>>> print(open('run14.cif').read())   # mmCIF, C-alpha atoms and all ligand atoms
data_query
#
loop_
_atom_site.group_PDB
_atom_site.id
_atom_site.type_symbol
_atom_site.label_atom_id
_atom_site.label_comp_id
_atom_site.auth_asym_id
_atom_site.auth_seq_id
_atom_site.Cartn_x
_atom_site.Cartn_y
_atom_site.Cartn_z
ATOM 1 C CA MET A 215 -7.222 -38.833 -1.570
ATOM 2 C CA ARG A 216 -8.536 -35.463 -2.718
ATOM 3 C CA TRP A 217 -8.153 -32.818 -0.104
ATOM 4 C CA PHE A 218 -10.996 -30.431 0.643
ATOM 5 C CA HIS A 219 -11.133 -27.638 -1.966
ATOM 6 C CA PRO A 220 -13.008 -24.696 -0.502
ATOM 7 C CA VAL A 221 -14.327 -21.685 -2.356
ATOM 8 C CA VAL A 222 -12.156 -18.592 -2.612
ATOM 9 C CA LYS A 223 -14.003 -15.391 -3.465
ATOM 10 C CA VAL A 224 -11.914 -12.614 -4.987
ATOM 11 C CA TYR A 225 -13.567 -9.243 -4.373
ATOM 12 C CA TYR A 226 -12.612 -6.735 -7.075
ATOM 13 C CA ASP A 227 -13.816 -3.585 -8.810
ATOM 14 C CA MET A 228 -11.525 -2.992 -11.805
ATOM 15 C CA PRO A 229 -9.648 -6.212 -12.580
ATOM 16 C CA ARG A 230 -5.943 -5.538 -13.054
ATOM 17 C CA ILE A 231 -3.284 -7.971 -14.208
ATOM 18 C CA GLU A 232 -2.758 -8.851 -10.500
ATOM 19 C CA GLU A 233 -6.358 -10.022 -10.007
ATOM 20 C CA LYS A 234 -6.183 -12.131 -13.165
ATOM 21 C CA LEU A 235 -2.917 -13.744 -12.025
ATOM 22 C CA ILE A 236 -4.306 -14.422 -8.538
ATOM 23 C CA ILE A 237 -7.456 -16.064 -9.913
ATOM 24 C CA LYS A 238 -5.412 -18.261 -12.248
ATOM 25 C CA ALA A 239 -2.947 -19.263 -9.501
ATOM 26 C CA LEU A 240 -5.808 -20.164 -7.153
ATOM 27 C CA GLU A 241 -7.487 -22.289 -9.841
ATOM 28 C CA ASP A 242 -4.168 -23.985 -10.609
ATOM 29 C CA ALA A 243 -3.829 -24.738 -6.877
ATOM 30 C CA GLY A 244 -7.170 -26.546 -7.014
ATOM 31 C CA PHE A 245 -9.478 -23.937 -5.510
ATOM 32 C CA LYS A 246 -12.920 -23.130 -6.807
ATOM 33 C CA VAL A 247 -12.668 -19.383 -7.458
ATOM 34 C CA GLU A 248 -15.558 -16.950 -7.549
ATOM 35 C CA PRO A 249 -14.664 -13.426 -8.663
ATOM 36 C CA ILE A 250 -17.104 -10.910 -7.182
ATOM 37 C CA ASN A 251 -17.465 -7.428 -8.635
ATOM 38 C CA VAL A 252 -18.215 -5.316 -5.555
ATOM 39 C CA THR A 253 -19.712 -2.550 -7.701
ATOM 40 C CA LYS A 254 -22.405 -4.937 -8.956
ATOM 41 C CA THR A 255 -23.090 -7.127 -5.925
ATOM 42 C CA PRO A 256 -24.947 -6.113 -2.744
ATOM 43 C CA LEU A 257 -23.093 -7.214 0.400
ATOM 44 C CA PRO A 258 -25.477 -8.294 3.194
ATOM 45 C CA LEU A 259 -24.334 -7.744 6.788
ATOM 46 C CA SER A 260 -25.468 -11.234 7.740
ATOM 47 C CA GLY A 261 -26.106 -14.554 6.077
ATOM 48 C CA ILE A 262 -23.014 -14.783 3.826
ATOM 49 C CA GLN A 263 -21.767 -18.371 3.834
ATOM 50 C CA GLU A 264 -18.291 -19.092 5.092
ATOM 51 C CA HIS A 265 -15.563 -18.913 2.463
ATOM 52 C CA ILE A 266 -12.025 -17.650 1.961
ATOM 53 C CA ALA A 267 -12.115 -13.982 0.985
ATOM 54 C CA LEU A 268 -9.424 -12.091 -0.843
ATOM 55 C CA ILE A 269 -9.982 -8.337 -1.028
ATOM 56 C CA ARG A 270 -8.669 -6.803 -4.245
ATOM 57 C CA ALA A 271 -10.738 -3.692 -5.050
ATOM 58 C CA VAL A 272 -8.613 -0.785 -6.313
ATOM 59 C CA SER A 273 -10.715 1.713 -4.380
ATOM 60 C CA MET A 274 -9.579 1.827 -0.764
ATOM 61 C CA PHE A 275 -13.120 2.507 0.474
ATOM 62 C CA ARG A 276 -14.620 -0.334 -1.524
ATOM 63 C CA SER A 277 -11.948 -2.678 -0.178
ATOM 64 C CA THR A 278 -12.318 -1.489 3.434
ATOM 65 C CA TYR A 279 -16.108 -1.679 3.397
ATOM 66 C CA THR A 280 -16.133 -5.088 1.718
ATOM 67 C CA ALA A 281 -13.747 -6.418 4.366
ATOM 68 C CA ALA A 282 -15.855 -4.879 7.162
ATOM 69 C CA VAL A 283 -19.086 -6.451 5.866
ATOM 70 C CA LEU A 284 -17.405 -9.846 5.560
ATOM 71 C CA GLU A 285 -16.093 -9.501 9.110
ATOM 72 C CA ALA A 286 -19.670 -8.773 10.248
ATOM 73 C CA ASN A 287 -20.523 -12.161 8.711
ATOM 74 C CA GLY A 288 -17.842 -13.877 10.791
ATOM 75 C CA ILE A 289 -15.413 -14.191 7.881
ATOM 76 C CA LYS A 290 -11.748 -13.195 8.197
ATOM 77 C CA PRO A 291 -10.836 -11.601 4.869
ATOM 78 C CA ILE A 292 -7.309 -11.204 3.524
ATOM 79 C CA ASN A 293 -6.639 -8.414 4.377
ATOM 80 C CA SER A 294 -8.785 -7.245 7.282
ATOM 81 C CA SER A 295 -10.691 -3.950 7.241
ATOM 82 C CA PHE A 296 -8.199 -2.650 9.833
ATOM 83 C CA THR A 297 -5.227 -3.430 7.603
ATOM 84 C CA ILE A 298 -6.795 -1.985 4.469
ATOM 85 C CA MET A 299 -8.053 1.198 6.113
ATOM 86 C CA PHE A 300 -4.906 1.858 8.134
ATOM 87 C CA SER A 301 -2.676 1.134 5.133
ATOM 88 C CA GLY A 302 -4.815 3.154 2.747
ATOM 89 C CA ASP A 303 -4.855 6.341 4.796
ATOM 90 C CA LYS A 304 -1.316 7.644 5.273
ATOM 91 C CA VAL A 305 -2.114 9.567 8.480
ATOM 92 C CA LEU A 306 -3.369 6.327 10.019
ATOM 93 C CA THR A 307 -0.418 4.338 8.632
ATOM 94 C CA TYR A 308 2.200 6.708 10.055
ATOM 95 C CA SER A 309 0.357 6.785 13.385
ATOM 96 C CA VAL A 310 0.393 2.981 13.717
ATOM 97 C CA LEU A 311 4.020 2.741 12.595
ATOM 98 C CA ALA A 312 5.108 5.440 15.048
ATOM 99 C CA ALA A 313 3.122 3.808 17.869
ATOM 100 C CA ASN A 314 5.033 0.583 17.181
ATOM 101 C CA ASN A 315 8.414 2.362 17.210
ATOM 102 C CA ILE A 316 8.984 1.684 13.523
ATOM 103 C CA PRO A 317 11.155 4.424 12.009
ATOM 104 C CA ILE A 318 9.355 6.731 9.556
ATOM 105 C CA PRO A 319 10.269 10.054 7.883
ATOM 106 C CA LYS A 320 10.002 13.063 10.188
ATOM 107 C CA THR A 321 6.337 13.948 9.724
ATOM 108 C CA MET A 322 3.778 16.490 10.895
ATOM 109 C CA ILE A 323 0.046 16.189 10.292
ATOM 110 C CA THR A 324 -1.800 19.434 9.709
ATOM 111 C CA LEU A 325 -5.552 19.549 9.318
ATOM 112 C CA ASN A 326 -5.823 22.655 7.152
ATOM 113 C CA GLY A 327 -3.765 25.066 5.054
ATOM 114 C CA GLU A 328 -3.121 27.554 7.832
ATOM 115 C CA SER A 329 -1.457 25.005 10.095
ATOM 116 C CA ALA A 330 0.345 23.522 7.071
ATOM 117 C CA GLU A 331 2.148 26.872 6.701
ATOM 118 C CA LYS A 332 3.324 26.613 10.304
ATOM 119 C CA ALA A 333 4.531 23.051 9.712
ATOM 120 C CA TYR A 334 6.406 24.182 6.567
ATOM 121 C CA ALA A 335 8.148 26.918 8.556
ATOM 122 C CA GLU A 336 9.160 24.424 11.222
ATOM 123 C CA MET A 337 10.240 21.670 8.778
ATOM 124 C CA GLY A 338 12.163 23.967 6.424
ATOM 125 C CA PHE A 339 12.522 23.526 2.628
ATOM 126 C CA PRO A 340 12.827 21.299 0.698
ATOM 127 C CA LEU A 341 9.959 19.258 2.096
ATOM 128 C CA VAL A 342 7.315 16.852 0.884
ATOM 129 C CA ASP A 343 3.574 17.429 1.194
ATOM 130 C CA LYS A 344 1.083 14.656 0.526
ATOM 131 C CA PRO A 345 -2.621 14.108 1.198
ATOM 132 C CA PRO A 346 -3.719 11.153 3.382
ATOM 133 C CA LEU A 347 -5.439 9.407 0.489
ATOM 134 C CA GLY A 348 -4.090 8.830 -2.961
ATOM 135 C CA SER A 349 -1.991 6.450 -4.923
ATOM 136 C CA TRP A 350 0.410 6.177 -7.832
ATOM 137 C CA GLY A 351 2.213 9.277 -6.531
ATOM 138 C CA ARG A 352 -0.699 11.597 -7.217
ATOM 139 C CA LEU A 353 -0.486 14.943 -5.376
ATOM 140 C CA VAL A 354 2.727 13.922 -3.614
ATOM 141 C CA THR A 355 4.592 17.215 -3.945
ATOM 142 C CA LEU A 356 8.179 18.322 -3.462
ATOM 143 C CA ILE A 357 8.082 21.905 -2.150
ATOM 144 C CA ARG A 358 11.268 23.956 -2.422
ATOM 145 C CA ASP A 359 10.173 27.450 -1.404
ATOM 146 C CA TRP A 360 7.263 29.603 -0.230
ATOM 147 C CA HIS A 361 6.073 30.265 -3.812
ATOM 148 C CA GLU A 362 5.457 26.570 -4.351
ATOM 149 C CA ALA A 363 4.137 26.176 -0.796
ATOM 150 C CA LYS A 364 1.388 28.795 -1.248
ATOM 151 C CA ILE A 365 0.270 27.219 -4.535
ATOM 152 C CA VAL A 366 0.012 23.740 -2.990
ATOM 153 C CA ILE A 367 -2.087 25.092 -0.113
ATOM 154 C CA GLU A 368 -4.324 27.011 -2.527
ATOM 155 C CA HIS A 369 -4.820 24.035 -4.835
ATOM 156 C CA ARG A 370 -5.650 21.700 -1.994
ATOM 157 C CA SER A 371 -8.131 24.143 -0.486
ATOM 158 C CA MET A 372 -10.151 23.818 -3.712
ATOM 159 C CA PHE A 373 -10.913 20.119 -3.126
ATOM 160 C CA ASN A 374 -14.347 19.380 -1.707
ATOM 161 C CA THR A 375 -13.359 16.327 0.322
ATOM 162 C CA PRO A 376 -12.197 17.082 3.883
ATOM 163 C CA GLN A 377 -9.297 14.587 3.707
ATOM 164 C CA MET A 378 -7.776 16.467 0.801
ATOM 165 C CA LYS A 379 -7.446 19.611 2.912
ATOM 166 C CA VAL A 380 -5.207 17.625 5.288
ATOM 167 C CA HIS A 381 -1.485 18.058 4.641
ATOM 168 C CA ILE A 382 1.067 15.442 5.623
ATOM 169 C CA VAL A 383 4.206 17.558 5.915
ATOM 170 C CA GLN A 384 7.357 15.536 5.726
ATOM 171 C CA GLU A 385 11.106 15.898 5.573
ATOM 172 C CA TYR A 386 12.424 15.363 2.040
ATOM 173 C CA VAL A 387 14.472 12.187 2.353
ATOM 174 C CA LYS A 388 17.439 12.309 -0.012
ATOM 175 C CA MET A 389 17.988 8.784 -1.274
ATOM 176 C CA PRO A 390 20.696 7.315 -3.502
ATOM 177 C CA GLU A 391 19.495 7.980 -7.109
ATOM 178 C CA ASN A 392 16.089 8.903 -5.611
ATOM 179 C CA ARG A 393 15.340 5.181 -5.489
ATOM 180 C CA ASP A 394 13.190 3.588 -2.839
ATOM 181 C CA ILE A 395 12.671 -0.030 -1.831
ATOM 182 C CA ARG A 396 9.563 -2.191 -1.879
ATOM 183 C CA CYS A 397 9.373 -5.492 0.009
ATOM 184 C CA PHE A 398 6.570 -8.007 -0.370
ATOM 185 C CA ILE A 399 5.273 -9.882 2.668
ATOM 186 C CA ILE A 400 2.943 -12.874 2.757
ATOM 187 C CA GLY A 401 2.083 -14.113 6.236
ATOM 188 C CA ASP A 402 5.347 -13.838 8.128
ATOM 189 C CA ARG A 403 7.474 -14.416 5.042
ATOM 190 C CA CYS A 404 9.318 -11.814 2.999
ATOM 191 C CA LEU A 405 9.286 -12.721 -0.714
ATOM 192 C CA GLY A 406 12.078 -10.257 -1.426
ATOM 193 C CA CYS A 407 12.614 -6.565 -2.153
ATOM 194 C CA ILE A 408 13.095 -4.382 -5.209
ATOM 195 C CA TYR A 409 14.501 -0.951 -5.904
ATOM 196 C CA ARG A 410 12.183 1.474 -7.652
ATOM 197 C CA LYS A 411 13.989 4.244 -9.512
ATOM 198 C CA PRO A 412 12.196 7.313 -10.874
ATOM 199 C CA SER A 413 11.995 7.729 -14.643
ATOM 200 C CA GLU A 414 13.770 10.612 -16.397
ATOM 201 C CA GLY A 415 12.413 13.968 -15.212
ATOM 202 C CA GLU A 416 10.584 12.473 -12.207
ATOM 203 C CA TRP A 417 11.505 12.444 -8.525
ATOM 204 C CA ARG A 418 8.794 9.977 -7.466
ATOM 205 C CA SER A 419 9.597 6.308 -7.965
ATOM 206 C CA ASN A 420 6.094 4.926 -8.564
ATOM 207 C CA VAL A 421 5.947 2.231 -11.241
ATOM 208 C CA ALA A 422 2.704 3.893 -12.394
ATOM 209 C CA LEU A 423 4.843 6.995 -13.181
ATOM 210 C CA GLY A 424 7.348 5.007 -15.208
ATOM 211 C CA GLY A 425 9.632 4.016 -12.289
ATOM 212 C CA LYS A 426 12.208 1.333 -13.134
ATOM 213 C CA VAL A 427 12.467 -1.781 -10.983
ATOM 214 C CA GLU A 428 15.454 -3.888 -10.004
ATOM 215 C CA ALA A 429 15.727 -6.777 -7.517
ATOM 216 C CA LEU A 430 17.844 -6.369 -4.363
ATOM 217 C CA GLU A 431 20.430 -9.111 -3.954
ATOM 218 C CA ASN A 432 20.678 -9.179 -0.179
ATOM 219 C CA CYS A 433 17.721 -7.743 1.606
ATOM 220 C CA GLU A 434 17.718 -9.268 5.081
ATOM 221 C CA GLU A 435 17.719 -5.929 6.872
ATOM 222 C CA GLU A 436 14.981 -4.536 4.619
ATOM 223 C CA CYS A 437 12.900 -7.709 5.055
ATOM 224 C CA GLU A 438 13.278 -7.566 8.822
ATOM 225 C CA LEU A 439 11.910 -4.021 8.927
ATOM 226 C CA ALA A 440 9.158 -4.867 6.415
ATOM 227 C CA ILE A 441 8.004 -7.828 8.530
ATOM 228 C CA LYS A 442 7.833 -5.561 11.601
ATOM 229 C CA ALA A 443 5.733 -3.032 9.675
ATOM 230 C CA ALA A 444 3.465 -5.781 8.289
ATOM 231 C CA ARG A 445 2.893 -7.054 11.838
ATOM 232 C CA ALA A 446 2.094 -3.557 13.105
ATOM 233 C CA LEU A 447 -0.553 -3.248 10.392
ATOM 234 C CA LYS A 448 -1.660 -6.894 10.896
ATOM 235 C CA GLY A 449 -1.263 -7.449 7.132
ATOM 236 C CA LYS A 450 -1.310 -10.946 5.611
ATOM 237 C CA VAL A 451 -0.621 -10.007 1.982
ATOM 238 C CA ILE A 452 1.032 -6.624 2.062
ATOM 239 C CA SER A 453 3.854 -4.601 0.567
ATOM 240 C CA ILE A 454 6.057 -2.203 2.499
ATOM 241 C CA ASP A 455 7.916 0.767 1.002
ATOM 242 C CA ILE A 456 11.227 1.670 2.586
ATOM 243 C CA PHE A 457 13.593 4.642 2.237
ATOM 244 C CA GLU A 458 17.352 4.577 2.794
ATOM 245 C CA SER A 459 17.877 7.661 4.935
ATOM 246 C CA GLU A 460 20.847 9.087 6.803
ATOM 247 C CA ARG A 461 19.277 7.564 9.928
ATOM 248 C CA GLY A 462 19.159 4.117 8.309
ATOM 249 C CA LEU A 463 16.113 2.347 6.851
ATOM 250 C CA ILE A 464 12.730 3.989 7.429
ATOM 251 C CA VAL A 465 9.235 2.976 6.332
ATOM 252 C CA ASN A 466 7.392 5.345 4.002
ATOM 253 C CA GLU A 467 4.353 3.392 3.086
ATOM 254 C CA VAL A 468 2.305 0.261 3.403
ATOM 255 C CA ASN A 469 -0.040 -1.173 0.770
ATOM 256 C CA GLY A 470 -2.905 -3.316 2.048
ATOM 257 C CA VAL A 471 -4.152 -4.230 -1.441
ATOM 258 C CA PRO A 472 -0.751 -4.428 -3.096
ATOM 259 C CA GLU A 473 0.046 -4.381 -6.791
ATOM 260 C CA PHE A 474 2.947 -6.602 -7.751
ATOM 261 C CA LYS A 475 3.558 -6.651 -11.483
ATOM 262 C CA GLY A 476 6.749 -4.552 -11.093
ATOM 263 C CA PHE A 477 7.935 -6.797 -8.253
ATOM 264 C CA MET A 478 7.346 -9.944 -10.330
ATOM 265 C CA ARG A 479 9.162 -8.473 -13.328
ATOM 266 C CA ALA A 480 12.213 -7.543 -11.256
ATOM 267 C CA THR A 481 12.494 -10.630 -9.043
ATOM 268 C CA GLY A 482 10.963 -13.392 -11.156
ATOM 269 C CA VAL A 483 9.059 -14.412 -8.006
ATOM 270 C CA ASN A 484 5.511 -15.453 -8.809
ATOM 271 C CA VAL A 485 3.578 -13.495 -6.169
ATOM 272 C CA ALA A 486 0.191 -14.857 -7.233
ATOM 273 C CA GLU A 487 1.400 -18.447 -6.785
ATOM 274 C CA ASN A 488 2.783 -17.546 -3.362
ATOM 275 C CA ILE A 489 -0.586 -16.101 -2.362
ATOM 276 C CA ALA A 490 -2.300 -19.331 -3.484
ATOM 277 C CA GLU A 491 0.251 -21.427 -1.552
ATOM 278 C CA TYR A 492 -0.280 -19.304 1.567
ATOM 279 C CA ILE A 493 -4.062 -19.795 1.379
ATOM 280 C CA LYS A 494 -3.621 -23.525 0.782
ATOM 281 C CA ALA A 495 -1.397 -23.838 3.855
ATOM 282 C CA LYS A 496 -3.956 -21.936 5.941
ATOM 283 C CA VAL A 497 -6.817 -24.194 4.798
ATOM 284 C CA LYS A 498 -4.874 -27.381 5.546
ATOM 285 C CA ARG A 499 -4.023 -26.245 9.058
HETATM 286 N N1 LIG B 501 9.424 12.201 2.316
HETATM 287 C C1 LIG B 501 9.832 11.855 1.100
HETATM 288 N N2 LIG B 501 11.107 12.063 0.715
HETATM 289 C C2 LIG B 501 11.542 11.738 -0.525
HETATM 290 N N3 LIG B 501 10.757 11.158 -1.463
HETATM 291 C C3 LIG B 501 9.469 10.904 -1.146
HETATM 292 C C4 LIG B 501 8.944 11.239 0.148
HETATM 293 N N4 LIG B 501 7.648 10.876 0.166
HETATM 294 C C5 LIG B 501 7.378 10.342 -1.046
HETATM 295 N N5 LIG B 501 8.478 10.360 -1.847
HETATM 296 C C6 LIG B 501 8.542 9.865 -3.248
HETATM 297 O O1 LIG B 501 7.246 9.950 -3.820
HETATM 298 C C7 LIG B 501 6.724 8.649 -4.115
HETATM 299 C C8 LIG B 501 5.238 8.593 -3.829
HETATM 300 O O2 LIG B 501 4.974 8.867 -2.458
HETATM 301 P P1 LIG B 501 4.124 7.895 -1.523
HETATM 302 O O3 LIG B 501 4.615 6.501 -1.698
HETATM 303 O O4 LIG B 501 4.151 8.433 -0.154
HETATM 304 O O5 LIG B 501 2.630 8.005 -2.081
HETATM 305 P P2 LIG B 501 1.880 7.135 -3.209
HETATM 306 O O6 LIG B 501 2.876 6.341 -3.944
HETATM 307 O O7 LIG B 501 1.002 8.044 -3.956
HETATM 308 O O8 LIG B 501 0.985 6.141 -2.425
HETATM 309 P P3 LIG B 501 0.694 4.606 -2.843
HETATM 310 O O9 LIG B 501 2.013 3.907 -2.906
HETATM 311 O O10 LIG B 501 -0.239 4.161 -1.796
HETATM 312 O O11 LIG B 501 0.126 4.570 -4.203
HETATM 313 C C9 LIG B 501 7.556 7.688 -3.274
HETATM 314 O O12 LIG B 501 7.584 6.408 -3.846
HETATM 315 C C10 LIG B 501 8.932 8.389 -3.295
HETATM 316 O O13 LIG B 501 9.608 8.151 -4.506
HETATM 317 MG MG MG B 502 3.982 4.803 -2.848
#
>>> encode(input="run14.cif", output="structure tokens")
Amino acid sequence: MRWFHPVVKVYYDMPRIEEKLIIKALEDAGFKVEPINVTKTPLPLSGIQEHIALIRAVSMFRSTYTAAVLEANGIKPINSSFTIMFSGDKVLTYSVLAANNIPIPKTMITLNGESAEKAYAEMGFPLVDKPPLGSWGRLVTLIRDWHEAKIVIEHRSMFNTPQMKVHIVQEYVKMPENRDIRCFIIGDRCLGCIYRKPSEGEWRSNVALGGKVEALENCEEECELAIKAARALKGKVISIDIFESERGLIVNEVNGVPEFKGFMRATGVNVAENIAEYIKAKVKR
């Protein structure tokens, strides 16, 4: 007997390797897949037929708005608009994590340059300053003294978008070899974790900046924390970035539209296939 094969729509803007792998894995699992370019397709607030929706636009706003419109149509996208928006904006992420008693770096939010100076004075150097929005490590800055501090404030004041004038002022967490940890969660299951180590001459570990990846052998503790963070953000397909600090493991970041090519390379785990399996299990239920 053939089981019911519903339509899965994959909402994207710039297809990356991840979107291609997801589409192939879904087709291999027997789904009818419809890729939808959200930059070319109007999204009506009512009348969209029921389907399974996977949100994969690179732009956080495109992903959030697509999810919100689908929700208005009674559809529950993976991930929800809440998850994508609260993961995509670091002020919102840290606020949800802190509200759920999940350990995070010591952090102060300042809404303009003047209050950022006060936060710098209180935090002490070295410290990290990052804007609420951004990815691939862009504008995440290590500040070692007042000379650097003044330049960061000046540069950020030149941006026209209000969010970019917001400074997330954070303790600089000294980690072994500057590496951090990324765990991948699907549903309530942790697929594993990897180390990300900065490339030569870098302090940020982003794979997009040449960071090297390596699988963790035993990652129960990391997975446990990652699952807690995923629950706090209500994420179904989500990655969680963790730092090893003197206070133990702390969560730095959450990705609601996660990339996974580095994770797949390091662990050999086929994330796209796991996403397809997760959707299949949900449909059968
Ligand atoms: N407080 C901190 N202490 C030490 N290192 C940090 C700190 N914050 C960030 N970093 C380093 O900078 C990198 C980039 O910072 P972060 O993950 O916060 O932003 P992002 O990578 O630009 O965001 P996204 O992952 O959404 O693309 C981290 O992976 C880590 O290597
Ligand atoms: Mg990051």
>>> residues_near_ligand(input="run14.cif", ligand="ligand MG 502 (chain B)", cutoff="7 Å", atoms="all atoms listed in the file", output="list in words")
Ser349, Trp350, Gly351, Asn420, Asp455 and Glu467 of chain A
>>> residues_near_ligand(input="run14.cif", ligand="ligand LIG 501 (chain B)", cutoff="6 Å", atoms="only C-alpha atoms and all ligand atoms", output="ChimeraX atom specification")
/A:342,348-352,354,384-388,418-420,467,469
>>> write_last_selection(input="run14.cif", atoms="C-alpha atoms", output="CSV table (one decimal), keeping the file's coordinate frame")
chain,number,residue,atom,x,y,z
A,342,VAL,CA,7.3,16.9,0.9
A,348,GLY,CA,-4.1,8.8,-3.0
A,349,SER,CA,-2.0,6.4,-4.9
A,350,TRP,CA,0.4,6.2,-7.8
A,351,GLY,CA,2.2,9.3,-6.5
A,352,ARG,CA,-0.7,11.6,-7.2
A,354,VAL,CA,2.7,13.9,-3.6
A,384,GLN,CA,7.4,15.5,5.7
A,385,GLU,CA,11.1,15.9,5.6
A,386,TYR,CA,12.4,15.4,2.0
A,387,VAL,CA,14.5,12.2,2.4
A,388,LYS,CA,17.4,12.3,0.0
A,418,ARG,CA,8.8,10.0,-7.5
A,419,SER,CA,9.6,6.3,-8.0
A,420,ASN,CA,6.1,4.9,-8.6
A,467,GLU,CA,4.4,3.4,3.1
A,469,ASN,CA,0.0,-1.2,0.8
>>> residues_around(input="run14.cif", residues="region 289-298 of chain A", least_positions_apart="6", cutoff="12 Å", atoms="all atoms listed in the file", output="PDB file with C-alpha atoms, in the frame of the given file")
ATOM      1  CA  VAL A 222     -12.156 -18.592  -2.612  1.00  0.00           C
ATOM      2  CA  LYS A 223     -14.003 -15.391  -3.465  1.00  0.00           C
ATOM      3  CA  VAL A 224     -11.914 -12.614  -4.987  1.00  0.00           C
ATOM      4  CA  TYR A 225     -13.567  -9.243  -4.373  1.00  0.00           C
ATOM      5  CA  LEU A 259     -24.334  -7.744   6.788  1.00  0.00           C
ATOM      6  CA  SER A 260     -25.468 -11.234   7.740  1.00  0.00           C
ATOM      7  CA  GLY A 261     -26.106 -14.554   6.077  1.00  0.00           C
ATOM      8  CA  ILE A 262     -23.014 -14.783   3.826  1.00  0.00           C
ATOM      9  CA  GLN A 263     -21.767 -18.371   3.834  1.00  0.00           C
ATOM     10  CA  GLU A 264     -18.291 -19.092   5.092  1.00  0.00           C
ATOM     11  CA  HIS A 265     -15.563 -18.913   2.463  1.00  0.00           C
ATOM     12  CA  ILE A 266     -12.025 -17.650   1.961  1.00  0.00           C
ATOM     13  CA  ALA A 267     -12.115 -13.982   0.985  1.00  0.00           C
ATOM     14  CA  LEU A 268      -9.424 -12.091  -0.843  1.00  0.00           C
ATOM     15  CA  ILE A 269      -9.982  -8.337  -1.028  1.00  0.00           C
ATOM     16  CA  ARG A 270      -8.669  -6.803  -4.245  1.00  0.00           C
ATOM     17  CA  ALA A 271     -10.738  -3.692  -5.050  1.00  0.00           C
ATOM     18  CA  VAL A 272      -8.613  -0.785  -6.313  1.00  0.00           C
ATOM     19  CA  SER A 273     -10.715   1.713  -4.380  1.00  0.00           C
ATOM     20  CA  MET A 274      -9.579   1.827  -0.764  1.00  0.00           C
ATOM     21  CA  PHE A 275     -13.120   2.507   0.474  1.00  0.00           C
ATOM     22  CA  ARG A 276     -14.620  -0.334  -1.524  1.00  0.00           C
ATOM     23  CA  SER A 277     -11.948  -2.678  -0.178  1.00  0.00           C
ATOM     24  CA  THR A 278     -12.318  -1.489   3.434  1.00  0.00           C
ATOM     25  CA  TYR A 279     -16.108  -1.679   3.397  1.00  0.00           C
ATOM     26  CA  THR A 280     -16.133  -5.088   1.718  1.00  0.00           C
ATOM     27  CA  ALA A 281     -13.747  -6.418   4.366  1.00  0.00           C
ATOM     28  CA  ALA A 282     -15.855  -4.879   7.162  1.00  0.00           C
ATOM     29  CA  VAL A 283     -19.086  -6.451   5.866  1.00  0.00           C
ATOM     30  CA  LYS A 304      -1.316   7.644   5.273  1.00  0.00           C
ATOM     31  CA  LEU A 306      -3.369   6.327  10.019  1.00  0.00           C
ATOM     32  CA  THR A 307      -0.418   4.338   8.632  1.00  0.00           C
ATOM     33  CA  VAL A 310       0.393   2.981  13.717  1.00  0.00           C
ATOM     34  CA  ILE A 400       2.943 -12.874   2.757  1.00  0.00           C
ATOM     35  CA  GLY A 401       2.083 -14.113   6.236  1.00  0.00           C
ATOM     36  CA  ALA A 443       5.733  -3.032   9.675  1.00  0.00           C
ATOM     37  CA  ALA A 444       3.465  -5.781   8.289  1.00  0.00           C
ATOM     38  CA  ARG A 445       2.893  -7.054  11.838  1.00  0.00           C
ATOM     39  CA  ALA A 446       2.094  -3.557  13.105  1.00  0.00           C
ATOM     40  CA  LEU A 447      -0.553  -3.248  10.392  1.00  0.00           C
ATOM     41  CA  LYS A 448      -1.660  -6.894  10.896  1.00  0.00           C
ATOM     42  CA  GLY A 449      -1.263  -7.449   7.132  1.00  0.00           C
ATOM     43  CA  LYS A 450      -1.310 -10.946   5.611  1.00  0.00           C
ATOM     44  CA  VAL A 451      -0.621 -10.007   1.982  1.00  0.00           C
ATOM     45  CA  ILE A 452       1.032  -6.624   2.062  1.00  0.00           C
ATOM     46  CA  SER A 453       3.854  -4.601   0.567  1.00  0.00           C
ATOM     47  CA  VAL A 468       2.305   0.261   3.403  1.00  0.00           C
ATOM     48  CA  ASN A 469      -0.040  -1.173   0.770  1.00  0.00           C
ATOM     49  CA  GLY A 470      -2.905  -3.316   2.048  1.00  0.00           C
ATOM     50  CA  VAL A 471      -4.152  -4.230  -1.441  1.00  0.00           C
ATOM     51  CA  PRO A 472      -0.751  -4.428  -3.096  1.00  0.00           C
ATOM     52  CA  ILE A 489      -0.586 -16.101  -2.362  1.00  0.00           C
ATOM     53  CA  ALA A 490      -2.300 -19.331  -3.484  1.00  0.00           C
ATOM     54  CA  TYR A 492      -0.280 -19.304   1.567  1.00  0.00           C
ATOM     55  CA  ILE A 493      -4.062 -19.795   1.379  1.00  0.00           C
ATOM     56  CA  LYS A 496      -3.956 -21.936   5.941  1.00  0.00           C
TER      57      LYS A 496
END
>>> closest_residue(input="run14.cif", among="A:Ile454, A:Ile323, A:Ala422, A:Leu463", to="Lys475 (chain A)", atoms="only C-alpha atoms")
A:Ala422
>>> closest_residue(input="run14.cif", among="A:Lys246, A:Lys426, A:Arg396, A:Lys344", to="Ile464 (chain A)", atoms="only C-alpha atoms")
A:Arg396
>>> residues_around(input="run14.cif", residues="Lys234 (chain A)", least_positions_apart="4", cutoff="12 Å", atoms="all atoms listed in the file", output="list in words")
Val224, Tyr225, Tyr226, Met228, Pro229, Arg230, Lys238, Ala239, Leu240, Glu241, Val247, Glu248, Pro249, Arg270, Glu473, Phe474, Lys475, Ala486 and Glu487 of chain A
>>> closest_residue(input="run14.cif", among="A:Val380, A:Leu439, A:Ile456, A:Val483", to="Pro346 (chain A)", atoms="all atoms listed in the file")
A:Val380
>>> axis_aligned_box(input="run14.cif", around="region 277-292 of chain A", padding_each_side="4 Å", output="lines of an AutoDock Vina configuration file")
center_x = -13.9
center_y = -7.8
center_z = 5.3
size_x = 21.2
size_y = 20.7
size_z = 19.0
